[in-house]
file model19.cif (mmCIF, N, CA and C atoms)
data_upload
#
loop_
_atom_site.group_PDB
_atom_site.id
_atom_site.type_symbol
_atom_site.label_atom_id
_atom_site.label_comp_id
_atom_site.auth_asym_id
_atom_site.auth_seq_id
_atom_site.Cartn_x
_atom_site.Cartn_y
_atom_site.Cartn_z
ATOM 1 N N MET A 943 18.546 -33.357 -25.612
ATOM 2 C CA MET A 943 17.768 -32.266 -26.123
ATOM 3 C C MET A 943 17.503 -32.538 -27.603
ATOM 4 N N PRO A 944 16.244 -32.311 -28.040
ATOM 5 C CA PRO A 944 15.942 -32.624 -29.434
ATOM 6 C C PRO A 944 16.659 -31.692 -30.400
ATOM 7 N N GLN A 945 16.917 -32.223 -31.589
ATOM 8 C CA GLN A 945 17.571 -31.425 -32.625
ATOM 9 C C GLN A 945 16.594 -30.392 -33.179
ATOM 10 N N ARG A 946 17.115 -29.208 -33.443
ATOM 11 C CA ARG A 946 16.277 -28.139 -33.980
ATOM 12 C C ARG A 946 16.277 -28.226 -35.509
ATOM 13 N N ASP A 947 15.113 -27.916 -36.070
ATOM 14 C CA ASP A 947 15.024 -27.848 -37.531
ATOM 15 C C ASP A 947 15.635 -26.548 -38.013
ATOM 16 N N GLU A 948 16.306 -26.594 -39.100
ATOM 17 C CA GLU A 948 16.890 -25.389 -39.671
ATOM 18 C C GLU A 948 15.860 -24.569 -40.420
ATOM 19 N N GLY A 949 14.678 -25.123 -40.681
ATOM 20 C CA GLY A 949 13.646 -24.411 -41.424
ATOM 21 C C GLY A 949 13.018 -23.295 -40.606
ATOM 22 N N GLY A 950 13.012 -23.389 -39.292
ATOM 23 C CA GLY A 950 12.447 -22.361 -38.424
ATOM 24 C C GLY A 950 10.931 -22.362 -38.411
ATOM 25 N N ASP A 951 10.316 -23.512 -38.671
ATOM 26 C CA ASP A 951 8.864 -23.586 -38.709
ATOM 27 C C ASP A 951 8.261 -23.953 -37.352
ATOM 28 N N GLU A 952 9.060 -24.015 -36.332
ATOM 29 C CA GLU A 952 8.558 -24.385 -34.997
ATOM 30 C C GLU A 952 7.764 -23.225 -34.405
ATOM 31 N N PRO A 953 6.572 -23.486 -33.862
ATOM 32 C CA PRO A 953 5.806 -22.413 -33.219
ATOM 33 C C PRO A 953 6.381 -22.073 -31.842
ATOM 34 N N VAL A 954 6.084 -20.865 -31.352
ATOM 35 C CA VAL A 954 6.556 -20.461 -30.018
ATOM 36 C C VAL A 954 5.844 -21.274 -28.950
ATOM 37 N N PHE A 955 4.548 -21.513 -29.130
ATOM 38 C CA PHE A 955 3.755 -22.316 -28.194
ATOM 39 C C PHE A 955 3.331 -23.595 -28.894
ATOM 40 N N LYS A 956 3.233 -24.679 -28.134
ATOM 41 C CA LYS A 956 2.723 -25.932 -28.680
ATOM 42 C C LYS A 956 1.783 -26.548 -27.650
ATOM 43 N N ARG A 957 0.946 -27.441 -28.133
ATOM 44 C CA ARG A 957 0.010 -28.099 -27.219
ATOM 45 C C ARG A 957 0.761 -29.005 -26.251
ATOM 46 N N SER A 958 0.247 -29.054 -25.039
ATOM 47 C CA SER A 958 0.856 -29.919 -24.029
ATOM 48 C C SER A 958 0.685 -31.374 -24.432
ATOM 49 N N GLN A 959 1.654 -32.187 -24.127
ATOM 50 C CA GLN A 959 1.597 -33.614 -24.465
ATOM 51 C C GLN A 959 0.963 -34.433 -23.350
ATOM 52 N N TRP A 960 0.412 -33.769 -22.353
ATOM 53 C CA TRP A 960 -0.169 -34.467 -21.215
ATOM 54 C C TRP A 960 -1.657 -34.713 -21.393
ATOM 55 N N GLY A 961 -2.186 -34.481 -22.600
ATOM 56 C CA GLY A 961 -3.584 -34.774 -22.863
ATOM 57 C C GLY A 961 -4.535 -33.647 -22.501
ATOM 58 N N THR A 962 -4.025 -32.468 -22.219
ATOM 59 C CA THR A 962 -4.891 -31.336 -21.918
ATOM 60 C C THR A 962 -4.888 -30.381 -23.102
ATOM 61 N N ASN A 963 -5.751 -29.409 -23.085
ATOM 62 C CA ASN A 963 -5.809 -28.421 -24.150
ATOM 63 C C ASN A 963 -4.950 -27.204 -23.851
ATOM 64 N N ARG A 964 -4.034 -27.316 -22.917
ATOM 65 C CA ARG A 964 -3.166 -26.196 -22.565
ATOM 66 C C ARG A 964 -2.005 -26.089 -23.536
ATOM 67 N N TYR A 965 -1.499 -24.868 -23.640
ATOM 68 C CA TYR A 965 -0.323 -24.625 -24.474
ATOM 69 C C TYR A 965 0.880 -24.354 -23.570
ATOM 70 N N VAL A 966 2.051 -24.756 -24.031
ATOM 71 C CA VAL A 966 3.290 -24.569 -23.279
ATOM 72 C C VAL A 966 4.317 -23.936 -24.204
ATOM 73 N N TYR A 967 5.384 -23.393 -23.605
ATOM 74 C CA TYR A 967 6.477 -22.843 -24.414
ATOM 75 C C TYR A 967 7.151 -23.967 -25.186
ATOM 76 N N ASN A 968 7.538 -23.675 -26.392
ATOM 77 C CA ASN A 968 8.235 -24.648 -27.222
ATOM 78 C C ASN A 968 9.735 -24.376 -27.138
ATOM 79 N N ALA A 969 10.471 -25.298 -26.563
ATOM 80 C CA ALA A 969 11.915 -25.113 -26.400
ATOM 81 C C ALA A 969 12.661 -25.255 -27.722
ATOM 82 N N ASN A 970 12.014 -25.758 -28.760
ATOM 83 C CA ASN A 970 12.653 -25.879 -30.071
ATOM 84 C C ASN A 970 12.658 -24.553 -30.827
ATOM 85 N N ASN A 971 11.907 -23.583 -30.373
ATOM 86 C CA ASN A 971 11.891 -22.248 -30.974
ATOM 87 C C ASN A 971 12.766 -21.348 -30.115
ATOM 88 N N PRO A 972 13.629 -20.525 -30.717
ATOM 89 C CA PRO A 972 14.512 -19.668 -29.904
ATOM 90 C C PRO A 972 13.744 -18.690 -29.005
ATOM 91 N N ILE A 973 12.614 -18.187 -29.476
ATOM 92 C CA ILE A 973 11.813 -17.279 -28.635
ATOM 93 C C ILE A 973 11.186 -18.059 -27.480
ATOM 94 N N GLY A 974 10.703 -19.257 -27.750
ATOM 95 C CA GLY A 974 10.149 -20.093 -26.687
ATOM 96 C C GLY A 974 11.188 -20.451 -25.644
ATOM 97 N N LEU A 975 12.407 -20.747 -26.100
ATOM 98 C CA LEU A 975 13.497 -21.053 -25.171
ATOM 99 C C LEU A 975 13.843 -19.832 -24.320
ATOM 100 N N ALA A 976 13.858 -18.643 -24.947
ATOM 101 C CA ALA A 976 14.127 -17.406 -24.199
ATOM 102 C C ALA A 976 13.031 -17.157 -23.169
ATOM 103 N N LEU A 977 11.779 -17.415 -23.534
ATOM 104 C CA LEU A 977 10.673 -17.237 -22.576
ATOM 105 C C LEU A 977 10.792 -18.205 -21.401
ATOM 106 N N ILE A 978 11.230 -19.412 -21.646
ATOM 107 C CA ILE A 978 11.431 -20.385 -20.564
ATOM 108 C C ILE A 978 12.508 -19.882 -19.606
ATOM 109 N N ILE A 979 13.629 -19.408 -20.150
ATOM 110 C CA ILE A 979 14.733 -18.921 -19.303
ATOM 111 C C ILE A 979 14.304 -17.685 -18.531
ATOM 112 N N ILE A 980 13.638 -16.735 -19.198
ATOM 113 C CA ILE A 980 13.182 -15.507 -18.516
ATOM 114 C C ILE A 980 12.198 -15.842 -17.407
ATOM 115 N N SER A 981 11.280 -16.775 -17.661
ATOM 116 C CA SER A 981 10.312 -17.168 -16.631
ATOM 117 C C SER A 981 11.005 -17.753 -15.402
ATOM 118 N N CYS A 982 12.013 -18.581 -15.639
ATOM 119 C CA CYS A 982 12.749 -19.175 -14.510
ATOM 120 C C CYS A 982 13.507 -18.115 -13.724
ATOM 121 N N VAL A 983 14.145 -17.169 -14.423
ATOM 122 C CA VAL A 983 14.895 -16.106 -13.736
ATOM 123 C C VAL A 983 13.948 -15.233 -12.911
ATOM 124 N N VAL A 984 12.796 -14.868 -13.474
ATOM 125 C CA VAL A 984 11.822 -14.040 -12.739
ATOM 126 C C VAL A 984 11.325 -14.790 -11.506
ATOM 127 N N PHE A 985 11.072 -16.087 -11.645
ATOM 128 C CA PHE A 985 10.621 -16.887 -10.507
ATOM 129 C C PHE A 985 11.672 -16.909 -9.391
ATOM 130 N N VAL A 986 12.930 -17.108 -9.750
ATOM 131 C CA VAL A 986 14.007 -17.156 -8.748
ATOM 132 C C VAL A 986 14.157 -15.800 -8.057
ATOM 133 N N VAL A 987 14.085 -14.709 -8.819
ATOM 134 C CA VAL A 987 14.213 -13.366 -8.229
ATOM 135 C C VAL A 987 13.065 -13.112 -7.260
ATOM 136 N N PHE A 988 11.840 -13.452 -7.637
ATOM 137 C CA PHE A 988 10.708 -13.237 -6.738
ATOM 138 C C PHE A 988 10.818 -14.091 -5.481
ATOM 139 N N MET A 989 11.272 -15.316 -5.615
ATOM 140 C CA MET A 989 11.440 -16.162 -4.429
ATOM 141 C C MET A 989 12.482 -15.568 -3.481
ATOM 142 N N TYR A 990 13.566 -15.009 -4.034
ATOM 143 C CA TYR A 990 14.574 -14.366 -3.192
ATOM 144 C C TYR A 990 13.988 -13.139 -2.487
ATOM 145 N N LEU A 991 13.235 -12.312 -3.223
ATOM 146 C CA LEU A 991 12.641 -11.112 -2.614
ATOM 147 C C LEU A 991 11.659 -11.475 -1.507
ATOM 148 N N ILE A 992 10.896 -12.521 -1.715
ATOM 149 C CA ILE A 992 9.950 -12.948 -0.682
ATOM 150 C C ILE A 992 10.696 -13.455 0.548
ATOM 151 N N GLN A 993 11.715 -14.286 0.338
ATOM 152 C CA GLN A 993 12.454 -14.872 1.461
ATOM 153 C C GLN A 993 13.225 -13.810 2.229
ATOM 154 N N ALA A 994 13.816 -12.844 1.524
ATOM 155 C CA ALA A 994 14.618 -11.808 2.174
ATOM 156 C C ALA A 994 13.764 -10.626 2.645
ATOM 157 N N ARG A 995 12.478 -10.647 2.330
ATOM 158 C CA ARG A 995 11.536 -9.572 2.710
ATOM 159 C C ARG A 995 12.055 -8.219 2.231
ATOM 160 N N LYS A 996 12.347 -8.140 0.937
ATOM 161 C CA LYS A 996 12.832 -6.911 0.326
ATOM 162 C C LYS A 996 11.877 -6.489 -0.777
ATOM 163 N N GLY A 997 12.071 -5.270 -1.254
ATOM 164 C CA GLY A 997 11.255 -4.763 -2.355
ATOM 165 C C GLY A 997 9.802 -4.611 -1.941
ATOM 166 N N PRO A 998 8.874 -5.093 -2.757
ATOM 167 C CA PRO A 998 7.455 -4.950 -2.400
ATOM 168 C C PRO A 998 7.035 -5.822 -1.227
ATOM 169 N N PHE A 999 7.873 -6.753 -0.824
ATOM 170 C CA PHE A 999 7.554 -7.647 0.282
ATOM 171 C C PHE A 999 8.160 -7.179 1.599
ATOM 172 N N GLU A 1000 8.736 -5.984 1.617
ATOM 173 C CA GLU A 1000 9.340 -5.432 2.832
ATOM 174 C C GLU A 1000 8.233 -5.000 3.787
ATOM 175 N N PRO A 1001 8.342 -5.343 5.069
ATOM 176 C CA PRO A 1001 7.316 -4.912 6.023
ATOM 177 C C PRO A 1001 7.353 -3.392 6.175
ATOM 178 N N PRO A 1002 6.222 -2.782 6.517
ATOM 179 C CA PRO A 1002 6.206 -1.318 6.662
ATOM 180 C C PRO A 1002 7.110 -0.870 7.800
ATOM 181 N N LYS A 1003 7.658 0.310 7.644
ATOM 182 C CA LYS A 1003 8.555 0.847 8.672
ATOM 183 C C LYS A 1003 7.750 1.189 9.922
ATOM 184 N N GLN A 1004 8.343 0.930 11.084
ATOM 185 C CA GLN A 1004 7.695 1.216 12.345
ATOM 186 C C GLN A 1004 7.779 2.711 12.633
ATOM 187 N N THR A 1005 6.686 3.301 13.032
ATOM 188 C CA THR A 1005 6.704 4.711 13.402
ATOM 189 C C THR A 1005 7.192 4.835 14.834
ATOM 190 N N PRO A 1006 7.848 5.934 15.171
ATOM 191 C CA PRO A 1006 8.312 6.093 16.553
ATOM 192 C C PRO A 1006 7.129 6.156 17.509
ATOM 193 N N TRP A 1007 7.353 5.679 18.709
ATOM 194 C CA TRP A 1007 6.301 5.634 19.698
ATOM 195 C C TRP A 1007 5.960 7.040 20.146
ATOM 196 N N SER A 1008 4.695 7.299 20.331
ATOM 197 C CA SER A 1008 4.256 8.576 20.888
ATOM 198 C C SER A 1008 3.262 8.268 21.998
ATOM 199 N N PRO A 1009 3.228 9.090 23.036
ATOM 200 C CA PRO A 1009 2.331 8.802 24.154
ATOM 201 C C PRO A 1009 0.871 8.913 23.736
ATOM 202 N N SER A 1010 0.043 8.202 24.451
ATOM 203 C CA SER A 1010 -1.387 8.248 24.198
ATOM 204 C C SER A 1010 -1.923 9.623 24.578
ATOM 205 N N ILE A 1011 -3.018 10.011 23.957
ATOM 206 C CA ILE A 1011 -3.610 11.314 24.260
ATOM 207 C C ILE A 1011 -4.147 11.338 25.694
ATOM 208 N N ASN A 1012 -4.440 10.180 26.256
ATOM 209 C CA ASN A 1012 -4.966 10.126 27.625
ATOM 210 C C ASN A 1012 -3.866 10.269 28.675
ATOM 211 N N GLU A 1013 -2.605 10.051 28.304
ATOM 212 C CA GLU A 1013 -1.530 10.156 29.281
ATOM 213 C C GLU A 1013 -1.184 11.599 29.613
ATOM 214 N N ASN A 1014 -1.301 12.509 28.676
ATOM 215 C CA ASN A 1014 -0.953 13.896 28.898
ATOM 216 C C ASN A 1014 -2.045 14.770 28.268
ATOM 217 N N PRO A 1015 -3.158 14.949 28.965
ATOM 218 C CA PRO A 1015 -4.284 15.665 28.343
ATOM 219 C C PRO A 1015 -4.128 17.189 28.381
ATOM 220 N N THR A 1016 -3.034 17.702 27.891
ATOM 221 C CA THR A 1016 -2.897 19.149 27.759
ATOM 222 C C THR A 1016 -3.029 19.503 26.299
ATOM 223 N N TYR A 1017 -3.845 20.460 26.029
ATOM 224 C CA TYR A 1017 -4.111 20.864 24.662
ATOM 225 C C TYR A 1017 -3.728 22.326 24.501
ATOM 226 N N SER A 1018 -3.522 22.735 23.267
ATOM 227 C CA SER A 1018 -3.090 24.108 23.030
ATOM 228 C C SER A 1018 -4.151 25.106 23.481
ATOM 229 N N TRP A 1019 -5.424 24.768 23.380
ATOM 230 C CA TRP A 1019 -6.457 25.712 23.797
ATOM 231 C C TRP A 1019 -6.608 25.768 25.310
ATOM 232 N N ASP A 1020 -6.043 24.792 26.037
ATOM 233 C CA ASP A 1020 -6.078 24.834 27.502
ATOM 234 C C ASP A 1020 -4.968 25.712 28.065
ATOM 235 N N GLU A 1021 -3.979 26.051 27.289
ATOM 236 C CA GLU A 1021 -2.859 26.823 27.784
ATOM 237 C C GLU A 1021 -3.211 28.297 27.980
ATOM 238 N N HIS A 1022 -4.242 28.787 27.323
ATOM 239 C CA HIS A 1022 -4.655 30.172 27.460
ATOM 240 C C HIS A 1022 -5.353 30.385 28.804
ATOM 241 N N ASP A 1023 -5.501 31.627 29.188
ATOM 242 C CA ASP A 1023 -6.173 31.945 30.445
ATOM 243 C C ASP A 1023 -7.621 31.482 30.371
ATOM 244 N N GLU A 1024 -8.058 30.737 31.389
ATOM 245 C CA GLU A 1024 -9.417 30.201 31.387
ATOM 246 C C GLU A 1024 -10.460 31.295 31.548
ATOM 247 N N HIS A 1025 -10.099 32.463 32.107
ATOM 248 C CA HIS A 1025 -11.074 33.514 32.353
ATOM 249 C C HIS A 1025 -11.357 34.349 31.108
ATOM 250 N N GLU A 1026 -10.595 34.152 30.064
ATOM 251 C CA GLU A 1026 -10.841 34.902 28.833
ATOM 252 C C GLU A 1026 -12.203 34.569 28.256
ATOM 253 N N HIS A 1027 -12.611 33.328 28.381
ATOM 254 C CA HIS A 1027 -13.849 32.891 27.767
ATOM 255 C C HIS A 1027 -15.066 33.206 28.638
ATOM 256 N N ASP A 1028 -14.872 33.501 29.921
ATOM 257 C CA ASP A 1028 -15.998 33.753 30.810
ATOM 258 C C ASP A 1028 -16.531 35.176 30.675
ATOM 259 N N THR A 1029 -15.684 36.144 30.424
ATOM 260 C CA THR A 1029 -16.128 37.536 30.374
ATOM 261 C C THR A 1029 -16.261 37.981 28.927
ATOM 262 N N PRO A 1030 -17.393 38.610 28.583
ATOM 263 C CA PRO A 1030 -17.548 39.092 27.218
ATOM 264 C C PRO A 1030 -16.650 40.308 26.977
ATOM 265 N N THR A 1031 -16.182 40.428 25.794
ATOM 266 C CA THR A 1031 -15.321 41.545 25.443
ATOM 267 C C THR A 1031 -16.077 42.495 24.528
ATOM 268 N N ALA A 1032 -15.571 43.713 24.376
ATOM 269 C CA ALA A 1032 -16.240 44.727 23.571
ATOM 270 C C ALA A 1032 -16.156 44.396 22.083
ATOM 271 N N ASP A 1033 -15.154 43.667 21.674
ATOM 272 C CA ASP A 1033 -15.020 43.372 20.253
ATOM 273 C C ASP A 1033 -15.683 42.051 19.864
ATOM 274 N N ALA A 1034 -16.601 41.554 20.697
ATOM 275 C CA ALA A 1034 -17.302 40.314 20.386
ATOM 276 C C ALA A 1034 -18.257 40.544 19.225
ATOM 277 N N THR A 1035 -18.384 39.566 18.398
ATOM 278 C CA THR A 1035 -19.261 39.685 17.243
ATOM 279 C C THR A 1035 -20.713 39.545 17.685
ATOM 280 N N PRO A 1036 -21.676 40.103 16.949
ATOM 281 C CA PRO A 1036 -23.080 39.998 17.345
ATOM 282 C C PRO A 1036 -23.566 38.561 17.363
ATOM 283 N N SER A 1037 -22.974 37.672 16.573
ATOM 284 C CA SER A 1037 -23.433 36.287 16.551
ATOM 285 C C SER A 1037 -22.932 35.508 17.759
ATOM 286 N N ALA A 1038 -22.112 36.118 18.606
ATOM 287 C CA ALA A 1038 -21.585 35.407 19.761
ATOM 288 C C ALA A 1038 -22.688 35.068 20.752
ATOM 289 N N GLY A 1039 -23.786 35.842 20.784
ATOM 290 C CA GLY A 1039 -24.865 35.566 21.715
ATOM 291 C C GLY A 1039 -25.921 34.668 21.137
ATOM 292 N N LEU A 1040 -25.752 34.154 19.953
ATOM 293 C CA LEU A 1040 -26.755 33.310 19.323
ATOM 294 C C LEU A 1040 -26.533 31.852 19.668
ATOM 295 N N THR A 1041 -27.627 31.117 19.742
ATOM 296 C CA THR A 1041 -27.551 29.672 19.966
ATOM 297 C C THR A 1041 -27.321 29.000 18.623
ATOM 298 N N PRO A 1042 -27.003 27.713 18.610
ATOM 299 C CA PRO A 1042 -26.787 27.034 17.333
ATOM 300 C C PRO A 1042 -28.016 27.060 16.427
ATOM 301 N N SER A 1043 -29.225 27.203 17.004
ATOM 302 C CA SER A 1043 -30.423 27.240 16.167
ATOM 303 C C SER A 1043 -30.625 28.608 15.541
ATOM 304 N N GLY A 1044 -29.882 29.621 15.939
ATOM 305 C CA GLY A 1044 -29.977 30.933 15.326
ATOM 306 C C GLY A 1044 -30.675 31.961 16.220
ATOM 307 N N GLY A 1045 -31.361 31.502 17.248
ATOM 308 C CA GLY A 1045 -32.027 32.437 18.174
ATOM 309 C C GLY A 1045 -31.058 32.929 19.220
ATOM 310 N N GLU A 1046 -31.500 33.964 19.953
ATOM 311 C CA GLU A 1046 -30.629 34.498 20.997
ATOM 312 C C GLU A 1046 -30.664 33.604 22.214
ATOM 313 N N SER A 1047 -29.530 33.515 22.884
ATOM 314 C CA SER A 1047 -29.478 32.750 24.104
ATOM 315 C C SER A 1047 -30.083 33.592 25.233
ATOM 316 N N PRO A 1048 -30.595 32.963 26.285
ATOM 317 C CA PRO A 1048 -31.220 33.728 27.381
ATOM 318 C C PRO A 1048 -30.253 34.700 28.046
ATOM 319 N N SER A 1049 -28.959 34.365 28.107
ATOM 320 C CA SER A 1049 -28.015 35.274 28.751
ATOM 321 C C SER A 1049 -27.729 36.478 27.858
ATOM 322 N N ALA A 1050 -27.854 36.358 26.548
ATOM 323 C CA ALA A 1050 -27.579 37.469 25.665
ATOM 324 C C ALA A 1050 -28.773 38.401 25.535
ATOM 325 N N ALA A 1051 -29.980 37.953 25.947
ATOM 326 C CA ALA A 1051 -31.177 38.768 25.842
ATOM 327 C C ALA A 1051 -31.222 39.832 26.900
ATOM 328 N N ARG A 1052 -30.469 39.795 27.925
ATOM 329 C CA ARG A 1052 -30.498 40.757 29.030
ATOM 330 C C ARG A 1052 -29.980 42.074 28.635
#
call {"tool": "encode", "arguments": {"input": "model19.cif", "output": "structure tokens"}}
result
Amino acid sequence: MPQRDEGGDEPVFKRSQWGTNRYVYNANNPIGLALIIISCVVFVVFMYLIQARKGPFEPPKQTPWSPSINENPTYSWDEHDEHEHDTPTADATPSAGLTPSGGESPSAAR
């Protein structure tokens, strides 16, 4: 490992020696060395989380199975007496005899 200067003039980042214009952490600077160690620790932790499928990489929880709507077609509105809807009642609203277009239905005109 290279000797550190006591002057403290080392930059945190230095140009890569591989002939590119990229910058890398400088291990001769204490902050650069800390960034190198922190980066390695974060990488190892993320690799563990991915491999163990924990944290944000955990698969979604399975919901309990429920029967399809086609297997048991009973609905709450089917449980009432079917003849309630066939006979008009005295407390029916005046709009009950209207069609969706707003006019009276032929059965309500009688």
call {"tool": "atom_distance", "arguments": {"input": "model19.cif", "atom1": "CA of Val966 in chain A", "atom2": "CA of Val983 in chain A"}}
result
17.2 Å
call {"tool": "atom_distance", "arguments": {"input": "model19.cif", "atom1": "CA of Gly974 in chain A", "atom2": "atom N of Phe955 in chain A"}}
result
6.3 Å
call {"tool": "atom_distance", "arguments": {"input": "model19.cif", "atom1": "atom N of Pro972 in chain A", "atom2": "CA of Asp951 in chain A"}}
result
9.8 Å
call {"tool": "axis_aligned_box", "arguments": {"input": "model19.cif", "around": "range 974-993 of chain A", "padding_each_side": "6 Å", "output": "lines of an AutoDock Vina configuration file"}}
result
center_x = 12.4
center_y = -16.1
center_z = -12.8
size_x = 16.9
size_y = 21.9
size_z = 42.0
call {"tool": "closest_residue", "arguments": {"input": "model19.cif", "among": "A:Ala994, A:Lys956, A:Ser981, A:Pro1002", "to": "Ala969 in chain A", "atoms": "only N, CA and C atoms"}}
result
A:Lys956
